[in-house]
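Chemist: After the structure tokens below, expect a handful of questions from me.
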Amino acid sequence: VIKAFEEINDPYLHLVIAGGNGWLYKKIHKLVKGSSKREQIFLLDYIFPDQRWDIYKNAKMLVWPSYYEGFGFPPLEAMSQGCPVITSSNSSLPEVMGKAALLINPYNISEITFAINQLLIDNKLRDYLINQGKNKVLEFTWLKSASEINKLFKL
């Protein structure tokens, strides 16, 4: 994401990376420190759930190029707040996201850059993804999940 962000020609756009230090965090910090756009990149540490909703509401998009995802809660959370999503075309994400997100190869920087640019310039696409996202979120509720689990126990 950092490498893709460096290719975006928008001096007013910021990259916000949220979450505590995890796997390969030293490499991420080094990339930010050496980035030509380091003044536009913000590394947030752990954020509380109520802060997460504010970030999604104020974001132009969520870019979630996960290498492996068991389900994909962050993209759905972003969609619930009207935030368009760019995410990976691998693991569970295509099935969970459907047509409600732009799907990219998480290993392909130019593909990520292209998707970000698309959402920055194409308001119709942006509005489409926001609307699709709001509908997609309705497919996943805790009540529906509990009902499906209950059905399994009745087998």
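Just so we're on the same page: first chain in the structure tokens is A, next is B, and so on; residues restart at 1 for each chain, and ligands are numbered from 1 in the order they show up.
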List the spatial neighbours of A:Tyr56 as a ChimeraX atom specification - criterion: any atom at most 8 Å away, only C-alpha atoms, same-chain residues fewer than 5 positions off excluded.

Modeler: /A:61-62,77-78,81-83

Chemist: Write the residues of the preceding selection, restricted to N, CA and C atoms, as a short mmCIF file (atom, residue, chain, number, x, y, z; two decimals), in the first residue's frame.

Modeler:
```
data_model
loop_
_atom_site.label_atom_id
_atom_site.label_comp_id
_atom_site.auth_asym_id
_atom_site.auth_seq_id
_atom_site.Cartn_x
_atom_site.Cartn_y
_atom_site.Cartn_z
N MET A 61 -11.45 5.89 1.11
CA MET A 61 -11.56 4.48 0.77
C MET A 61 -10.77 3.66 1.79
N LEU A 62 -11.09 2.37 1.85
CA LEU A 62 -10.27 1.42 2.60
C LEU A 62 -9.51 0.60 1.57
N GLU A 77 -16.83 -3.71 7.78
CA GLU A 77 -17.00 -2.59 8.70
C GLU A 77 -16.93 -1.27 7.95
N ALA A 78 -15.96 -1.15 7.06
CA ALA A 78 -15.82 0.07 6.26
C ALA A 78 -17.08 0.31 5.42
N GLN A 81 -20.01 1.89 6.99
CA GLN A 81 -19.88 3.32 7.26
C GLN A 81 -19.85 4.16 5.98
N GLY A 82 -20.19 3.52 4.86
CA GLY A 82 -20.22 4.24 3.59
C GLY A 82 -18.85 4.48 2.98
N CYS A 83 -17.91 3.64 3.31
CA CYS A 83 -16.54 3.77 2.81
C CYS A 83 -16.32 2.73 1.71
#
```

Chemist: Would you mind listing what lies within 12 Å of A:Thr113 as a PyMOL selection string, with only C-alpha atoms counted and same-chain residues fewer than 4 positions away left out?

Modeler: chain A and resi 1-9+63+65+86+102+104-109+117-120

Chemist: Go ahead and write the residues just picked, N, CA, C and O atoms, as a PDB file, in the first residue's frame.

Modeler:
```pdb
ATOM      1  N   VAL A   1       0.833  -1.192   0.000  1.00  0.00           N
ATOM      2  CA  VAL A   1       0.000   0.000   0.000  1.00  0.00           C
ATOM      3  C   VAL A   1       0.876   1.254   0.000  1.00  0.00           C
ATOM      4  O   VAL A   1       0.568   2.223  -0.685  1.00  0.00           O
ATOM      5  N   ILE A   2       1.948   1.212   0.760  1.00  0.00           N
ATOM      6  CA  ILE A   2       2.845   2.373   0.813  1.00  0.00           C
ATOM      7  C   ILE A   2       3.448   2.640  -0.561  1.00  0.00           C
ATOM      8  O   ILE A   2       3.460   3.781  -1.038  1.00  0.00           O
ATOM      9  N   LYS A   3       3.914   1.594  -1.219  1.00  0.00           N
ATOM     10  CA  LYS A   3       4.499   1.748  -2.561  1.00  0.00           C
ATOM     11  C   LYS A   3       3.452   2.243  -3.562  1.00  0.00           C
ATOM     12  O   LYS A   3       3.744   3.094  -4.399  1.00  0.00           O
ATOM     13  N   ALA A   4       2.246   1.736  -3.474  1.00  0.00           N
ATOM     14  CA  ALA A   4       1.170   2.192  -4.361  1.00  0.00           C
ATOM     15  C   ALA A   4       0.838   3.657  -4.077  1.00  0.00           C
ATOM     16  O   ALA A   4       0.645   4.448  -5.005  1.00  0.00           O
ATOM     17  N   PHE A   5       0.773   4.021  -2.802  1.00  0.00           N
ATOM     18  CA  PHE A   5       0.459   5.397  -2.406  1.00  0.00           C
ATOM     19  C   PHE A   5       1.495   6.380  -2.960  1.00  0.00           C
ATOM     20  O   PHE A   5       1.145   7.492  -3.349  1.00  0.00           O
ATOM     21  N   GLU A   6       2.733   5.963  -3.015  1.00  0.00           N
ATOM     22  CA  GLU A   6       3.786   6.837  -3.543  1.00  0.00           C
ATOM     23  C   GLU A   6       3.563   7.181  -5.011  1.00  0.00           C
ATOM     24  O   GLU A   6       4.057   8.201  -5.490  1.00  0.00           O
ATOM     25  N   GLU A   7       2.811   6.360  -5.709  1.00  0.00           N
ATOM     26  CA  GLU A   7       2.541   6.585  -7.124  1.00  0.00           C
ATOM     27  C   GLU A   7       1.323   7.477  -7.368  1.00  0.00           C
ATOM     28  O   GLU A   7       1.055   7.870  -8.505  1.00  0.00           O
ATOM     29  N   ILE A   8       0.583   7.796  -6.317  1.00  0.00           N
ATOM     30  CA  ILE A   8      -0.624   8.619  -6.447  1.00  0.00           C
ATOM     31  C   ILE A   8      -0.224  10.087  -6.480  1.00  0.00           C
ATOM     32  O   ILE A   8       0.497  10.563  -5.596  1.00  0.00           O
ATOM     33  N   ASN A   9      -0.717  10.806  -7.464  1.00  0.00           N
ATOM     34  CA  ASN A   9      -0.361  12.213  -7.620  1.00  0.00           C
ATOM     35  C   ASN A   9      -1.454  13.105  -7.034  1.00  0.00           C
ATOM     36  O   ASN A   9      -2.223  13.722  -7.766  1.00  0.00           O
ATOM     37  N   VAL A  63      -8.196   0.532   1.720  1.00  0.00           N
ATOM     38  CA  VAL A  63      -7.374  -0.320   0.857  1.00  0.00           C
ATOM     39  C   VAL A  63      -6.886  -1.459   1.747  1.00  0.00           C
ATOM     40  O   VAL A  63      -6.138  -1.235   2.692  1.00  0.00           O
ATOM     41  N   PRO A  65      -5.245  -4.843   1.066  1.00  0.00           N
ATOM     42  CA  PRO A  65      -4.639  -5.879   0.223  1.00  0.00           C
ATOM     43  C   PRO A  65      -4.085  -7.030   1.060  1.00  0.00           C
ATOM     44  O   PRO A  65      -2.883  -7.213   1.195  1.00  0.00           O
ATOM     45  N   ILE A  86     -11.267  -1.319  -1.525  1.00  0.00           N
ATOM     46  CA  ILE A  86     -10.378  -2.019  -2.451  1.00  0.00           C
ATOM     47  C   ILE A  86      -9.785  -3.149  -1.629  1.00  0.00           C
ATOM     48  O   ILE A  86      -9.217  -2.910  -0.559  1.00  0.00           O
ATOM     49  N   LEU A 102     -13.694  -3.239  -5.145  1.00  0.00           N
ATOM     50  CA  LEU A 102     -12.742  -3.432  -6.229  1.00  0.00           C
ATOM     51  C   LEU A 102     -11.753  -4.493  -5.759  1.00  0.00           C
ATOM     52  O   LEU A 102     -11.159  -4.360  -4.692  1.00  0.00           O
ATOM     53  N   ILE A 104      -8.291  -6.637  -6.155  1.00  0.00           N
ATOM     54  CA  ILE A 104      -6.952  -6.480  -6.711  1.00  0.00           C
ATOM     55  C   ILE A 104      -6.061  -7.638  -6.275  1.00  0.00           C
ATOM     56  O   ILE A 104      -6.345  -8.321  -5.301  1.00  0.00           O
ATOM     57  N   ASN A 105      -4.970  -7.817  -7.007  1.00  0.00           N
ATOM     58  CA  ASN A 105      -3.932  -8.755  -6.617  1.00  0.00           C
ATOM     59  C   ASN A 105      -3.077  -8.046  -5.562  1.00  0.00           C
ATOM     60  O   ASN A 105      -2.453  -7.024  -5.867  1.00  0.00           O
ATOM     61  N   PRO A 106      -3.020  -8.546  -4.327  1.00  0.00           N
ATOM     62  CA  PRO A 106      -2.299  -7.831  -3.280  1.00  0.00           C
ATOM     63  C   PRO A 106      -0.786  -7.773  -3.494  1.00  0.00           C
ATOM     64  O   PRO A 106      -0.095  -6.994  -2.841  1.00  0.00           O
ATOM     65  N   TYR A 107      -0.266  -8.557  -4.423  1.00  0.00           N
ATOM     66  CA  TYR A 107       1.162  -8.562  -4.715  1.00  0.00           C
ATOM     67  C   TYR A 107       1.521  -7.608  -5.862  1.00  0.00           C
ATOM     68  O   TYR A 107       2.689  -7.438  -6.179  1.00  0.00           O
ATOM     69  N   ASN A 108       0.515  -7.001  -6.479  1.00  0.00           N
ATOM     70  CA  ASN A 108       0.735  -6.177  -7.662  1.00  0.00           C
ATOM     71  C   ASN A 108       0.540  -4.695  -7.328  1.00  0.00           C
ATOM     72  O   ASN A 108      -0.590  -4.203  -7.265  1.00  0.00           O
ATOM     73  N   ILE A 109       1.635  -3.988  -7.137  1.00  0.00           N
ATOM     74  CA  ILE A 109       1.581  -2.580  -6.735  1.00  0.00           C
ATOM     75  C   ILE A 109       0.854  -1.729  -7.770  1.00  0.00           C
ATOM     76  O   ILE A 109       0.037  -0.871  -7.413  1.00  0.00           O
ATOM     77  N   ASN A 117      -6.512   5.142  -7.862  1.00  0.00           N
ATOM     78  CA  ASN A 117      -6.778   6.239  -8.800  1.00  0.00           C
ATOM     79  C   ASN A 117      -8.201   6.183  -9.335  1.00  0.00           C
ATOM     80  O   ASN A 117      -8.858   7.219  -9.487  1.00  0.00           O
ATOM     81  N   GLN A 118      -8.694   4.979  -9.631  1.00  0.00           N
ATOM     82  CA  GLN A 118     -10.071   4.830 -10.120  1.00  0.00           C
ATOM     83  C   GLN A 118     -11.064   5.428  -9.128  1.00  0.00           C
ATOM     84  O   GLN A 118     -11.976   6.149  -9.517  1.00  0.00           O
ATOM     85  N   LEU A 119     -10.889   5.104  -7.852  1.00  0.00           N
ATOM     86  CA  LEU A 119     -11.823   5.625  -6.846  1.00  0.00           C
ATOM     87  C   LEU A 119     -11.661   7.124  -6.618  1.00  0.00           C
ATOM     88  O   LEU A 119     -12.610   7.784  -6.198  1.00  0.00           O
ATOM     89  N   LEU A 120     -10.496   7.647  -6.890  1.00  0.00           N
ATOM     90  CA  LEU A 120     -10.286   9.090  -6.724  1.00  0.00           C
ATOM     91  C   LEU A 120     -10.913   9.906  -7.849  1.00  0.00           C
ATOM     92  O   LEU A 120     -11.338  11.035  -7.624  1.00  0.00           O
TER      93      LEU A 120
END
```

Chemist: With only C-alpha atoms as the basis for distance, which of A:Val137, A:Leu15, A:Ala115, A:Ile55 is at the shortest distance from A:Leu76?

Modeler: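 Between A:Val137, A:Leu15, A:Ala115, A:Ile55, the residue approaching A:Leu76 most closely is A:Val137.
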
Chemist: Could you please write out, as JSON, numbers by chain, every residue of stretch 53-96 of chain A that DSSP assigns to alpha helix (DSSP H)?

Modeler: {"A": [53, 54, 55, 56, 57, 58, 73, 74, 75, 76, 77, 78, 79, 80, 93, 94, 95, 96]}

Chemist: Would you pick out the contacts of A:Gly20 at 8 Å or less, using only C-alpha atoms, so that residues sharing its chain but fewer than 2 positions from it are not included, and give the list as a VMD selection string?

Modeler: chain A and resid 18 22 44 to 47

Chemist: Between A:Phe140, A:Asn150, A:Pro49, A:Lys60, single out the one closest to A:Ile121, counting only C-alpha atoms.

Modeler: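 The closest residue to A:Ile121 is A:Lys60.
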
Chemist: When you count only C-alpha atoms, which of these residues is closest to A:Gly98: A:Ser110, A:Lys136, A:Asn58, A:Ser36?

Modeler: A:Lys136

Chemist: Go through A:Trp142, A:Trp53, A:Tyr68, A:Tyr128 one by one, measure the shortest atom-to-atom distance of each to A:Val85 using only C-alpha atoms, and give the residue with the smallest value.

Modeler: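 Smallest distance to A:Val85 is found for A:Tyr128.
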
Chemist: Mind pulling up the distance from atom CA of A:Ile112 to atom CA of A:Lys99?

Modeler: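 Atom-to-atom, atom CA of A:Lys99 and atom CA of A:Ile112 are spaced 16.9 Å apart.
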
Chemist: Could you pull out the residues in stretch 8-152 of chain A that DSSP calls strand (DSSP E or B) from the backbone, as a PyMOL selection string?

Modeler: chain A and resi 15-17+41-43+62-64+85-88+102-104

Chemist: Output N, CA, C and O atoms of each residue in that selection to a file, as a JSON list (two decimals), in the first residue's frame.

Modeler:
```json
[["chain", "number", "residue", "atom", "x", "y", "z"],
["A", 15, "LEU", "N", -2.34, 8.76, 3.65],
["A", 15, "LEU", "CA", -2.43, 7.33, 3.92],
["A", 15, "LEU", "C", -2.39, 7.15, 5.42],
["A", 15, "LEU", "O", -1.45, 7.59, 6.08],
["A", 16, "VAL", "N", -3.43, 6.52, 5.94],
["A", 16, "VAL", "CA", -3.51, 6.26, 7.38],
["A", 16, "VAL", "C", -3.43, 4.74, 7.56],
["A", 16, "VAL", "O", -4.27, 4.01, 7.03],
["A", 17, "ILE", "N", -2.42, 4.30, 8.28],
["A", 17, "ILE", "CA", -2.25, 2.89, 8.58],
["A", 17, "ILE", "C", -2.52, 2.72, 10.07],
["A", 17, "ILE", "O", -1.80, 3.28, 10.90],
["A", 41, "ILE", "N", 1.85, 10.28, 5.28],
["A", 41, "ILE", "CA", 1.56, 8.94, 5.81],
["A", 41, "ILE", "C", 1.52, 9.00, 7.33],
["A", 41, "ILE", "O", 2.44, 9.51, 7.96],
["A", 42, "PHE", "N", 0.45, 8.48, 7.89],
["A", 42, "PHE", "CA", 0.26, 8.49, 9.34],
["A", 42, "PHE", "C", 0.14, 7.06, 9.84],
["A", 42, "PHE", "O", -0.73, 6.31, 9.40],
["A", 43, "LEU", "N", 1.02, 6.70, 10.75],
["A", 43, "LEU", "CA", 0.97, 5.39, 11.39],
["A", 43, "LEU", "C", 0.29, 5.54, 12.74],
["A", 43, "LEU", "O", 0.84, 6.17, 13.65],
["A", 62, "LEU", "N", -11.09, 2.37, 1.85],
["A", 62, "LEU", "CA", -10.27, 1.42, 2.60],
["A", 62, "LEU", "C", -9.51, 0.60, 1.57],
["A", 62, "LEU", "O", -10.12, 0.04, 0.65],
["A", 63, "VAL", "N", -8.20, 0.53, 1.72],
["A", 63, "VAL", "CA", -7.37, -0.32, 0.86],
["A", 63, "VAL", "C", -6.89, -1.46, 1.75],
["A", 63, "VAL", "O", -6.14, -1.23, 2.69],
["A", 64, "TRP", "N", -7.37, -2.67, 1.46],
["A", 64, "TRP", "CA", -7.12, -3.84, 2.30],
["A", 64, "TRP", "C", -6.53, -4.97, 1.45],
["A", 64, "TRP", "O", -7.20, -5.95, 1.14],
["A", 85, "VAL", "N", -14.40, 0.18, -0.81],
["A", 85, "VAL", "CA", -13.34, -0.75, -0.45],
["A", 85, "VAL", "C", -12.59, -1.27, -1.68],
["A", 85, "VAL", "O", -13.19, -1.62, -2.69],
["A", 86, "ILE", "N", -11.27, -1.32, -1.52],
["A", 86, "ILE", "CA", -10.38, -2.02, -2.45],
["A", 86, "ILE", "C", -9.79, -3.15, -1.63],
["A", 86, "ILE", "O", -9.22, -2.91, -0.56],
["A", 87, "THR", "N", -9.92, -4.38, -2.10],
["A", 87, "THR", "CA", -9.39, -5.50, -1.34],
["A", 87, "THR", "C", -8.90, -6.61, -2.27],
["A", 87, "THR", "O", -9.04, -6.52, -3.49],
["A", 88, "SER", "N", -8.36, -7.63, -1.68],
["A", 88, "SER", "CA", -7.70, -8.70, -2.43],
["A", 88, "SER", "C", -8.66, -9.61, -3.18],
["A", 88, "SER", "O", -9.79, -9.85, -2.73],
["A", 102, "LEU", "N", -13.69, -3.24, -5.14],
["A", 102, "LEU", "CA", -12.74, -3.43, -6.23],
["A", 102, "LEU", "C", -11.75, -4.49, -5.76],
["A", 102, "LEU", "O", -11.16, -4.36, -4.69],
["A", 103, "LEU", "N", -11.61, -5.54, -6.54],
["A", 103, "LEU", "CA", -10.72, -6.63, -6.17],
["A", 103, "LEU", "C", -9.39, -6.51, -6.91],
["A", 103, "LEU", "O", -9.37, -6.30, -8.13],
["A", 104, "ILE", "N", -8.29, -6.64, -6.16],
["A", 104, "ILE", "CA", -6.95, -6.48, -6.71],
["A", 104, "ILE", "C", -6.06, -7.64, -6.27],
["A", 104, "ILE", "O", -6.35, -8.32, -5.30]]
```

Chemist: Just want the 10 Å neighbourhood of A:Gly70, counted on only C-alpha atoms, with same-chain residues fewer than 2 positions away dropped. Output as a PyMOL selection string.

Modeler: chain A and resi 68+72-73+91-93

Chemist: Which value, in Å to one decimal, gives the distance between atom CA of A:Pro94 and atom CA of A:Ile28?

Modeler: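 About the pair atom CA of A:Pro94 and atom CA of A:Ile28: they are 26.0 Å apart.
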